[in-house]
$ cat work-v1.cif   # mmCIF, C-alpha atoms
data_structure
#
loop_
_atom_site.label_atom_id
_atom_site.label_comp_id
_atom_site.auth_asym_id
_atom_site.auth_seq_id
_atom_site.Cartn_x
_atom_site.Cartn_y
_atom_site.Cartn_z
CA MET A 1 68.22 12.63 -3.08
CA VAL A 2 65.43 14.88 -4.38
CA THR A 3 63.61 11.85 -5.79
CA VAL A 4 63.71 9.92 -2.52
CA LEU A 5 62.62 12.91 -0.43
CA ALA A 6 59.80 13.91 -2.80
CA LEU A 7 58.44 10.36 -3.05
CA ALA A 8 58.58 10.04 0.73
CA ALA A 9 56.61 13.29 0.94
CA ALA A 10 54.08 11.86 -1.52
CA LEU A 11 53.65 8.77 0.65
CA ALA A 12 53.13 10.86 3.79
CA TYR A 13 50.70 13.24 2.06
CA GLY A 14 48.74 10.33 0.61
CA VAL A 15 48.19 8.62 3.95
CA ALA A 16 47.48 11.94 5.69
CA ASP A 17 44.83 12.84 3.11
CA PHE A 18 43.11 9.49 3.45
CA LEU A 19 43.01 9.78 7.23
CA GLY A 20 41.88 13.40 7.04
CA GLY A 21 39.11 12.47 4.62
CA THR A 22 37.95 9.72 6.95
CA VAL A 23 37.77 12.17 9.84
CA THR A 24 35.92 14.76 7.74
CA ARG A 25 33.23 12.26 6.78
CA GLY A 26 32.48 11.88 10.48
CA SER A 27 32.40 15.62 11.16
CA THR A 28 33.30 18.73 9.09
CA ALA A 29 36.43 20.07 7.41
CA ILE A 30 36.95 22.84 9.94
CA ARG A 31 36.44 20.49 12.89
CA ALA A 32 39.02 18.09 11.48
CA LEU A 33 41.51 20.91 10.92
CA THR A 34 41.16 22.19 14.49
CA TRP A 35 42.81 18.92 15.49
CA CYS A 36 45.14 18.37 12.53
CA VAL A 37 46.72 21.83 12.29
CA PRO A 38 47.81 22.33 15.94
CA ILE A 39 49.42 18.89 16.17
CA GLY A 40 51.18 19.58 12.88
CA LEU A 41 52.55 22.84 14.27
CA ALA A 42 53.81 21.03 17.37
CA VAL A 43 55.56 18.41 15.23
CA VAL A 44 57.44 20.88 13.04
CA LEU A 45 58.29 23.13 15.98
CA VAL A 46 59.97 20.23 17.78
CA ALA A 47 61.76 19.26 14.57
CA ALA A 48 62.99 22.83 14.02
CA LEU A 49 64.28 23.09 17.58
CA LEU A 50 66.12 19.77 17.28
CA THR A 51 67.71 20.52 13.90
CA GLY A 52 68.75 24.09 14.67
CA GLY A 53 68.85 26.94 12.18
CA ASP A 54 68.00 30.60 12.47
CA ALA A 55 64.38 31.76 12.72
CA SER A 56 65.01 34.76 10.45
CA PRO A 57 62.05 37.09 9.83
CA GLY A 58 62.33 36.93 6.02
CA PRO A 59 62.15 33.15 5.55
CA MET A 60 59.57 32.89 8.34
CA ALA A 61 57.43 35.46 6.50
CA TRP A 62 57.69 33.50 3.27
CA GLY A 63 56.69 30.40 5.18
CA PHE A 64 53.76 32.19 6.84
CA VAL A 65 52.36 33.39 3.50
CA ALA A 66 52.84 29.88 2.12
CA GLY A 67 50.92 28.59 5.12
CA LEU A 68 48.03 30.96 4.42
CA CYS A 69 47.76 29.47 0.95
CA GLY A 70 48.24 25.94 2.23
CA GLY A 71 45.67 26.43 4.99
CA SER A 72 43.11 27.71 2.49
CA GLY A 73 43.89 24.70 0.35
CA LEU A 74 43.40 22.35 3.26
CA ILE A 75 39.94 23.74 4.03
CA ALA A 76 38.92 23.42 0.37
CA PHE A 77 40.47 19.95 0.14
CA TYR A 78 38.77 18.59 3.25
CA ARG A 79 35.48 20.09 2.05
CA ALA A 80 36.02 18.31 -1.26
CA LEU A 81 36.71 15.01 0.49
CA ALA A 82 33.42 15.34 2.34
CA ARG A 83 31.53 15.79 -0.95
CA GLY A 84 33.25 13.56 -3.46
CA PRO A 85 35.04 10.22 -3.61
CA MET A 86 38.69 10.28 -2.58
CA SER A 87 39.57 8.52 -5.84
CA VAL A 88 38.43 11.65 -7.73
CA VAL A 89 39.22 14.46 -5.29
CA ALA A 90 42.84 13.50 -4.59
CA PRO A 91 43.97 13.24 -8.24
CA VAL A 92 42.29 16.50 -9.27
CA SER A 93 43.88 18.36 -6.37
CA ALA A 94 47.32 16.86 -6.98
CA LEU A 95 47.36 17.55 -10.71
CA ALA A 96 46.32 21.16 -10.17
CA ALA A 97 49.05 21.45 -7.54
CA ALA A 98 51.67 20.10 -9.96
CA VAL A 99 50.98 22.48 -12.85
CA ILE A 100 51.72 25.76 -11.05
CA PRO A 101 55.23 24.84 -9.78
CA VAL A 102 56.14 23.49 -13.21
CA ALA A 103 55.07 26.77 -14.83
CA VAL A 104 56.98 28.83 -12.26
CA GLY A 105 60.04 26.61 -12.59
CA VAL A 106 60.05 27.07 -16.37
CA ALA A 107 59.64 30.84 -15.95
CA GLN A 108 62.64 30.85 -13.61
CA GLY A 109 64.79 29.10 -16.19
CA GLU A 110 64.40 25.44 -15.31
CA ARG A 111 64.78 23.51 -18.56
CA LEU A 112 62.11 20.98 -19.40
CA ASP A 113 62.41 18.71 -22.42
CA ALA A 114 59.63 17.77 -24.79
CA SER A 115 58.49 14.74 -22.77
CA VAL A 116 57.99 16.86 -19.64
CA LEU A 117 55.99 19.47 -21.53
CA LEU A 118 53.84 16.71 -23.02
CA GLY A 119 53.34 15.31 -19.52
CA VAL A 120 52.11 18.65 -18.23
CA LEU A 121 49.60 18.92 -21.08
CA LEU A 122 48.37 15.39 -20.36
CA CYS A 123 47.94 16.34 -16.71
CA LEU A 124 45.79 19.30 -17.67
CA PHE A 125 43.67 17.09 -19.93
CA ALA A 126 43.37 14.51 -17.16
CA ILE A 127 42.00 17.13 -14.76
CA GLY A 128 39.10 17.72 -17.10
CA LEU A 129 38.38 14.01 -17.52
CA VAL A 130 38.63 13.06 -13.86
CA SER A 131 36.49 16.04 -12.84
CA MET A 132 33.53 14.98 -14.96
CA GLU A 133 30.43 14.13 -12.93
CA SER A 134 27.06 12.73 -13.92
CA GLY A 135 24.76 15.49 -15.17
CA GLY A 136 21.20 15.96 -13.93
CA ALA A 137 18.08 16.60 -15.98
CA GLU A 138 17.10 19.75 -14.11
CA GLU A 139 18.32 23.09 -15.45
CA PRO A 140 19.97 24.91 -12.52
CA THR A 141 19.42 28.56 -11.70
CA ALA A 142 22.35 31.00 -11.35
CA GLY A 143 22.20 30.75 -7.56
CA ALA A 144 22.02 26.98 -7.73
CA VAL A 145 25.10 26.96 -9.97
CA GLY A 146 27.06 28.92 -7.38
CA ARG A 147 26.00 26.60 -4.58
CA ARG A 148 26.74 23.58 -6.73
CA LEU A 149 30.26 24.82 -7.41
CA LEU A 150 30.89 25.23 -3.69
CA ASP A 151 29.48 21.76 -3.07
CA SER A 152 31.26 20.10 -5.99
CA GLY A 153 34.06 17.80 -4.90
CA PRO A 154 36.13 18.19 -8.11
CA VAL A 155 35.71 21.99 -8.20
CA MET A 156 36.80 22.36 -4.59
CA ALA A 157 39.61 19.88 -5.25
CA GLY A 158 40.85 22.01 -8.15
CA LEU A 159 40.76 25.10 -5.93
CA SER A 160 42.66 23.30 -3.18
CA GLY A 161 45.25 22.09 -5.69
CA SER A 162 45.85 25.63 -6.91
CA CYS A 163 46.44 26.74 -3.32
CA PHE A 164 48.82 23.82 -2.77
CA GLY A 165 50.70 24.71 -5.96
CA VAL A 166 51.29 28.26 -4.68
CA PHE A 167 52.29 26.76 -1.32
CA PHE A 168 54.94 24.62 -3.05
CA VAL A 169 56.33 27.62 -4.90
CA LEU A 170 56.51 29.88 -1.85
CA LEU A 171 58.35 27.27 0.23
CA LYS A 172 61.00 27.18 -2.49
CA GLU A 173 61.34 30.96 -2.21
CA ALA A 174 61.74 30.75 1.57
CA GLY A 175 65.34 29.60 1.18
CA ASP A 176 67.19 26.69 2.73
CA GLY A 177 69.69 28.35 5.06
CA THR A 178 67.44 28.64 8.10
CA GLY A 179 66.73 25.03 9.01
CA LEU A 180 63.06 24.07 9.23
CA TRP A 181 61.85 27.42 10.56
CA PRO A 182 60.07 28.38 7.30
CA ILE A 183 57.93 25.27 7.84
CA VAL A 184 57.09 26.52 11.33
CA GLY A 185 56.02 29.79 9.72
CA ALA A 186 53.90 27.84 7.26
CA ARG A 187 52.12 25.92 10.02
CA LEU A 188 51.47 29.22 11.82
CA GLY A 189 49.88 30.42 8.58
CA ASN A 190 47.72 27.27 8.55
CA LEU A 191 46.64 27.99 12.10
CA ALA A 192 45.79 31.60 11.22
CA ILE A 193 43.52 30.47 8.37
CA VAL A 194 41.70 28.00 10.60
CA ALA A 195 41.23 30.73 13.25
CA VAL A 196 39.83 33.15 10.66
CA ALA A 197 37.46 30.48 9.37
CA LEU A 198 36.19 29.82 12.89
CA LEU A 199 35.68 33.55 13.51
CA PHE A 200 33.83 33.88 10.21
CA LEU A 201 31.49 31.03 11.12
CA ALA A 202 30.91 32.53 14.56
CA ALA A 203 30.15 35.96 13.07
CA ARG A 204 27.53 34.39 10.81
CA GLY A 205 26.02 32.54 13.72
CA ALA A 206 26.89 29.23 12.10
CA GLY A 207 28.49 26.42 13.99
CA ALA A 208 31.63 24.56 13.00
CA GLY A 209 29.68 21.33 12.81
CA PRO A 210 29.53 18.30 15.06
CA ARG A 211 32.46 17.78 17.38
CA LEU A 212 34.77 14.88 16.76
CA SER A 213 33.45 12.07 18.87
CA GLY A 214 35.15 8.82 19.63
CA ARG A 215 38.76 8.01 20.33
CA THR A 216 39.30 6.57 16.86
CA LEU A 217 38.44 9.76 14.96
CA ILE A 218 40.54 11.89 17.29
CA VAL A 219 43.55 9.60 16.90
CA LEU A 220 43.13 9.59 13.12
CA ALA A 221 42.96 13.40 13.10
CA LEU A 222 46.13 13.70 15.15
CA LEU A 223 47.92 11.15 12.98
CA SER A 224 46.78 12.92 9.82
CA GLY A 225 48.09 16.25 11.09
CA SER A 226 51.41 14.73 12.10
CA LEU A 227 51.90 13.02 8.73
CA ASP A 228 50.94 16.18 6.85
CA ALA A 229 53.52 18.15 8.82
CA GLY A 230 56.13 15.46 8.15
CA ALA A 231 55.31 15.64 4.45
CA ASN A 232 55.83 19.42 4.55
CA VAL A 233 59.30 18.88 5.96
CA LEU A 234 60.17 16.20 3.39
CA TYR A 235 58.99 18.39 0.50
CA PHE A 236 60.90 21.39 1.87
CA LEU A 237 64.09 19.33 1.95
CA ALA A 238 63.40 17.92 -1.52
CA VAL A 239 62.74 21.26 -3.20
CA HIS A 240 66.01 22.65 -1.82
CA ASN A 241 67.95 19.68 -3.15
CA GLY A 242 66.66 19.89 -6.72
CA MET A 243 64.44 21.66 -9.22
CA LEU A 244 61.09 23.05 -8.11
CA SER A 245 59.24 21.44 -11.01
CA LEU A 246 60.68 17.99 -10.32
CA ALA A 247 60.16 18.06 -6.56
CA ALA A 248 56.59 19.34 -6.84
CA VAL A 249 55.51 16.86 -9.50
CA LEU A 250 57.01 13.87 -7.69
CA THR A 251 55.35 14.99 -4.47
CA SER A 252 52.08 15.24 -6.39
CA LEU A 253 52.08 11.47 -6.87
CA TYR A 254 50.39 11.20 -3.46
CA PRO A 255 46.91 10.42 -4.89
CA ALA A 256 48.12 6.93 -5.76
CA ILE A 257 48.30 6.19 -2.04
CA THR A 258 45.01 7.94 -1.23
CA VAL A 259 43.15 6.16 -4.03
CA LEU A 260 44.58 2.78 -3.06
CA LEU A 261 43.52 3.21 0.56
CA ALA A 262 40.08 4.51 -0.47
CA ARG A 263 39.53 1.49 -2.70
CA VAL A 264 40.46 -0.88 0.11
CA ALA A 265 38.48 0.91 2.83
CA TYR A 266 35.44 2.21 0.92
CA SER A 267 35.40 0.14 -2.30
CA GLU A 268 35.21 3.36 -4.32
CA ARG A 269 34.74 3.02 -8.06
CA LEU A 270 35.31 5.43 -10.91
CA ARG A 271 33.12 6.13 -13.95
CA ALA A 272 34.56 5.10 -17.32
CA VAL A 273 35.59 8.65 -18.30
CA GLN A 274 37.22 9.14 -14.90
CA ARG A 275 39.16 5.89 -15.28
CA VAL A 276 40.44 7.19 -18.60
CA GLY A 277 41.38 10.42 -16.85
CA MET A 278 43.28 8.50 -14.19
CA ALA A 279 45.20 6.62 -16.89
CA VAL A 280 46.03 9.87 -18.67
CA ALA A 281 47.11 11.35 -15.33
CA VAL A 282 49.45 8.44 -14.67
CA ALA A 283 50.95 8.81 -18.14
CA GLY A 284 51.34 12.57 -17.72
CA VAL A 285 53.01 12.37 -14.31
CA ALA A 286 55.24 9.55 -15.56
CA LEU A 287 56.41 11.65 -18.51
CA VAL A 288 57.14 14.59 -16.22
CA THR A 289 59.02 12.32 -13.81
CA VAL A 290 61.24 10.54 -16.33
CA GLY A 291 61.86 13.75 -18.22
#
$ encode --input "work-v1.cif" --output "C-alpha cells"
Amino acid sequence: MVTVLALAAALAYGVADFLGGTVTRGSTAIRALTWCVPIGLAVVLVAALLTGGDASPGPMAWGFVAGLCGGSGLIAFYRALARGPMSVVAPVSALAAAVIPVAVGVAQGERLDASVLLGVLLCLFAIGLVSMESGGAEEPTAGAVGRRLLDSGPVMAGLSGSCFGVFFVLLKEAGDGTGLWPIVGARLGNLAIVAVALLFLAARGAGAGPRLSGRTLIVLALLSGSLDAGANVLYFLAVHNGMLSLAAVLTSLYPAITVLLARVAYSERLRAVQRVGMAVAVAGVALVTVG
C-alpha cells in the first residue's frame, strides 16, 4: 500500500510542479503561490471534513510547522523554476528532499541494508553533478556571488528540497489518528508563509510582480495547487502506512514526470555532466527503492 500511495503522490507532485513552473515563467513565484496555496487549502479542508477525524491541537501544530517549511520550500522551488530548466531544478530539489527523511528514519531505528545506503550516497553525488552549470570568464565579487546564489536555479532547488525534506519528516511526526487535519494545518502554514512574503515585499516597497493574466495561466495555477494538495494527502497516507525513508524516497521520484513534461513542452536539454548526474540519480533512487 505504501508503494502505491507514494508513487501516486510522486505523479501528482510531478504534474503540479510542471504546471506551477509554467505559471511562474509567466509571472513570479509569489504571484503563482497566491493562487496555488489557497485552492490547495480549500481542497484539503473539504477532504478533511468528508473523511472525519479530530482536529486536535497537537497534530494540527505539527502540520502547521511542517507547512511553514513546505511553504518556504515552495517559494524557493518556484523561484528556481523561473531561473533554471525544470529538467535540472526538479531532480536537485527531489534528491535533497529524499536525503533528510532517510537520515531521520535511520536515526529513529529504521533498518536500511547496504543497497539503500549506497543509493543514498549516489543521490548525494548526483546532486553535485546535476547542479553543475556553465562557468563564466568573469571573476565575481563577493556581493555578486551572493546575488548569483539567490538567482541560481540549482542552489534554490537544493534549498527548496531541504525544506521539503523537513516537511516530509514533520508530517510523519504529526500522527495518523486525526484524519487529514494535520494536512489542513500544513496548508495553513503554507498560507502564512505566503502572507509573510507579501508583507515583506510591501514593506520594502517592492511589488509581487506582474499579475497572472489570461484564463489559461489562472486555470493552470489552480490545477497545480489542487494537485499539490492531493499529493500532500497521498504522501501523508503513505508515510503512515510504512517507513518514513521508503515513503519519502518513492515520493521523491516526481522529477521523472516533471522532466518528461518539460522535454515535451519546452524541448529542454541537459549538458553531458548533468545527463550523467541524472543517470546516477536514477540508479541511486532505484537502489533505495528496491532495498
$ residues_around --input "work-v1.cif" --residues "Ile100 of chain A" --least-positions-apart "6" --cutoff "12 Å" --atoms "all atoms listed in the file" --output "number ranges by chain"
A: 93-94, 106-107, 120, 123-124, 158, 161-170, 244-246, 248-249, 252
$ atom_distance --input "work-v1.cif" --atom1 "atom CA of Ser226 of chain A" --atom2 "atom CA of Val259 of chain A"
20.0 Å
$ closest_residue --input "work-v1.cif" --among "A:Ile183, A:Leu199, A:Val155, A:Ile218" --to "Ala32 of chain A" --atoms "all atoms listed in the file"
A:Ile218
$ axis_aligned_box --input "work-v1.cif" --around "segment 224-236 of chain A" --padding-each-side "6 Å" --output "AutoDock Vina command-line options"
--center_x 53.8 --center_y 17.2 --center_z 6.3 --size_x 26.1 --size_y 20.5 --size_z 23.6
$ closest_residue --input "work-v1.cif" --among "A:Ser160, A:Thr178, A:Ser27, A:Thr51" --to "Phe77 of chain A" --atoms "only C-alpha atoms"
A:Ser160
$ atom_distance --input "work-v1.cif" --atom1 "atom CA of Glu173 of chain A" --atom2 "atom CA of Ile193 of chain A"
20.7 Å
$ atom_distance --input "work-v1.cif" --atom1 "atom CA of Leu74 of chain A" --atom2 "atom CA of Ala286 of chain A"
25.7 Å
$ residues_near_point --input "work-v1.cif" --point "(42.4, 25.0, 3.9)" --cutoff "9 Å" --atoms "all atoms listed in the file" --output "count of residues only"
20
$ residues_around --input "work-v1.cif" --residues "Leu191 of chain A" --least-positions-apart "4" --cutoff "10 Å" --atoms "all atoms listed in the file" --output "MDAnalysis selection string"
chainID A and resid 33:34 36:38 40:41 64 67:68 71 185:187 195:197
$ closest_residue --input "work-v1.cif" --among "A:Ala103, A:Ala82, A:Ile39, A:Ala238" --to "Met1 of chain A" --atoms "all atoms listed in the file"
A:Ala238
$ closest_residue --input "work-v1.cif" --among "A:Val104, A:Leu223, A:Ala6, A:Ala96" --to "Leu122 of chain A" --atoms "all atoms listed in the file"
A:Ala96
$ residues_around --input "work-v1.cif" --residues "Leu217 of chain A" --least-positions-apart "5" --cutoff "12 Å" --atoms "all atoms listed in the file" --output "list in words"
Leu19, Gly20, Gly21, Thr22, Val23, Thr24, Arg25, Gly26, Ser27, Thr28, Arg31, Ala32, Trp35, Cys36, Arg211, Leu212, Leu222, Leu223 and Ser224 of chain A
$ closest_residue --input "work-v1.cif" --among "A:Pro59, A:Gly189, A:Pro101, A:Pro85" --to "Pro154 of chain A" --atoms "only C-alpha atoms"
A:Pro85
$ closest_residue --input "work-v1.cif" --among "A:Leu159, A:Val239, A:Leu5, A:Val89" --to "Met278 of chain A" --atoms "all atoms listed in the file"
A:Val89
$ build_atoms --input "work-v1.cif" --residues "segment 48-66 of chain A" --atoms "N, CA, C and O atoms" --output "mmCIF file, in the coordinates of the input"
data_model
loop_
_atom_site.group_PDB
_atom_site.id
_atom_site.type_symbol
_atom_site.label_atom_id
_atom_site.label_comp_id
_atom_site.auth_asym_id
_atom_site.auth_seq_id
_atom_site.Cartn_x
_atom_site.Cartn_y
_atom_site.Cartn_z
ATOM 1 N N ALA A 48 62.162 21.646 14.256
ATOM 2 C CA ALA A 48 62.990 22.830 14.020
ATOM 3 C C ALA A 48 63.927 23.083 15.190
ATOM 4 O O ALA A 48 65.100 23.443 14.998
ATOM 5 N N LEU A 49 63.437 22.894 16.396
ATOM 6 C CA LEU A 49 64.280 23.090 17.580
ATOM 7 C C LEU A 49 65.408 22.061 17.641
ATOM 8 O O LEU A 49 66.534 22.377 18.043
ATOM 9 N N LEU A 50 65.117 20.839 17.231
ATOM 10 C CA LEU A 50 66.120 19.770 17.280
ATOM 11 C C LEU A 50 67.178 19.912 16.188
ATOM 12 O O LEU A 50 68.337 19.549 16.391
ATOM 13 N N THR A 51 66.776 20.433 15.028
ATOM 14 C CA THR A 51 67.710 20.520 13.900
ATOM 15 C C THR A 51 68.447 21.849 13.839
ATOM 16 O O THR A 51 69.396 21.996 13.053
ATOM 17 N N GLY A 52 68.046 22.813 14.640
ATOM 18 C CA GLY A 52 68.750 24.090 14.670
ATOM 19 C C GLY A 52 68.315 25.012 13.553
ATOM 20 O O GLY A 52 67.231 24.883 12.990
ATOM 21 N N GLY A 53 69.196 25.945 13.194
ATOM 22 C CA GLY A 53 68.850 26.940 12.180
ATOM 23 C C GLY A 53 68.442 28.245 12.827
ATOM 24 O O GLY A 53 68.237 28.341 14.040
ATOM 25 N N ASP A 54 68.306 29.253 11.991
ATOM 26 C CA ASP A 54 68.000 30.600 12.470
ATOM 27 C C ASP A 54 66.586 30.978 12.047
ATOM 28 O O ASP A 54 66.244 30.937 10.862
ATOM 29 N N ALA A 55 65.757 31.360 13.013
ATOM 30 C CA ALA A 55 64.380 31.760 12.720
ATOM 31 C C ALA A 55 64.370 33.204 12.220
ATOM 32 O O ALA A 55 63.864 34.116 12.880
ATOM 33 N N SER A 56 64.924 33.421 11.027
ATOM 34 C CA SER A 56 65.010 34.760 10.450
ATOM 35 C C SER A 56 63.629 35.253 10.016
ATOM 36 O O SER A 56 62.817 34.464 9.513
ATOM 37 N N PRO A 57 63.367 36.546 10.178
ATOM 38 C CA PRO A 57 62.050 37.090 9.830
ATOM 39 C C PRO A 57 61.674 36.875 8.372
ATOM 40 O O PRO A 57 60.526 36.545 8.060
ATOM 41 N N GLY A 58 62.631 37.064 7.448
ATOM 42 C CA GLY A 58 62.330 36.930 6.020
ATOM 43 C C GLY A 58 61.820 35.551 5.639
ATOM 44 O O GLY A 58 60.699 35.410 5.121
ATOM 45 N N PRO A 59 62.615 34.497 5.877
ATOM 46 C CA PRO A 59 62.150 33.150 5.550
ATOM 47 C C PRO A 59 60.886 32.756 6.308
ATOM 48 O O PRO A 59 60.027 32.059 5.762
ATOM 49 N N MET A 60 60.775 33.199 7.567
ATOM 50 C CA MET A 60 59.570 32.890 8.340
ATOM 51 C C MET A 60 58.344 33.546 7.688
ATOM 52 O O MET A 60 57.248 32.964 7.654
ATOM 53 N N ALA A 61 58.526 34.767 7.168
ATOM 54 C CA ALA A 61 57.430 35.460 6.500
ATOM 55 C C ALA A 61 57.013 34.731 5.233
ATOM 56 O O ALA A 61 55.819 34.578 4.954
ATOM 57 N N TRP A 62 58.002 34.289 4.456
ATOM 58 C CA TRP A 62 57.690 33.500 3.270
ATOM 59 C C TRP A 62 56.906 32.242 3.665
ATOM 60 O O TRP A 62 55.924 31.869 3.018
ATOM 61 N N GLY A 63 57.368 31.600 4.712
ATOM 62 C CA GLY A 63 56.690 30.400 5.180
ATOM 63 C C GLY A 63 55.272 30.703 5.643
ATOM 64 O O GLY A 63 54.340 29.940 5.364
ATOM 65 N N PHE A 64 55.080 31.830 6.331
ATOM 66 C CA PHE A 64 53.760 32.190 6.840
ATOM 67 C C PHE A 64 52.779 32.411 5.686
ATOM 68 O O PHE A 64 51.636 31.923 5.727
ATOM 69 N N VAL A 65 53.227 33.148 4.661
ATOM 70 C CA VAL A 65 52.360 33.390 3.500
ATOM 71 C C VAL A 65 52.053 32.069 2.799
ATOM 72 O O VAL A 65 50.922 31.822 2.361
ATOM 73 N N ALA A 66 53.073 31.208 2.704
ATOM 74 C CA ALA A 66 52.840 29.880 2.120
ATOM 75 C C ALA A 66 51.794 29.128 2.933
ATOM 76 O O ALA A 66 50.918 28.449 2.379
#
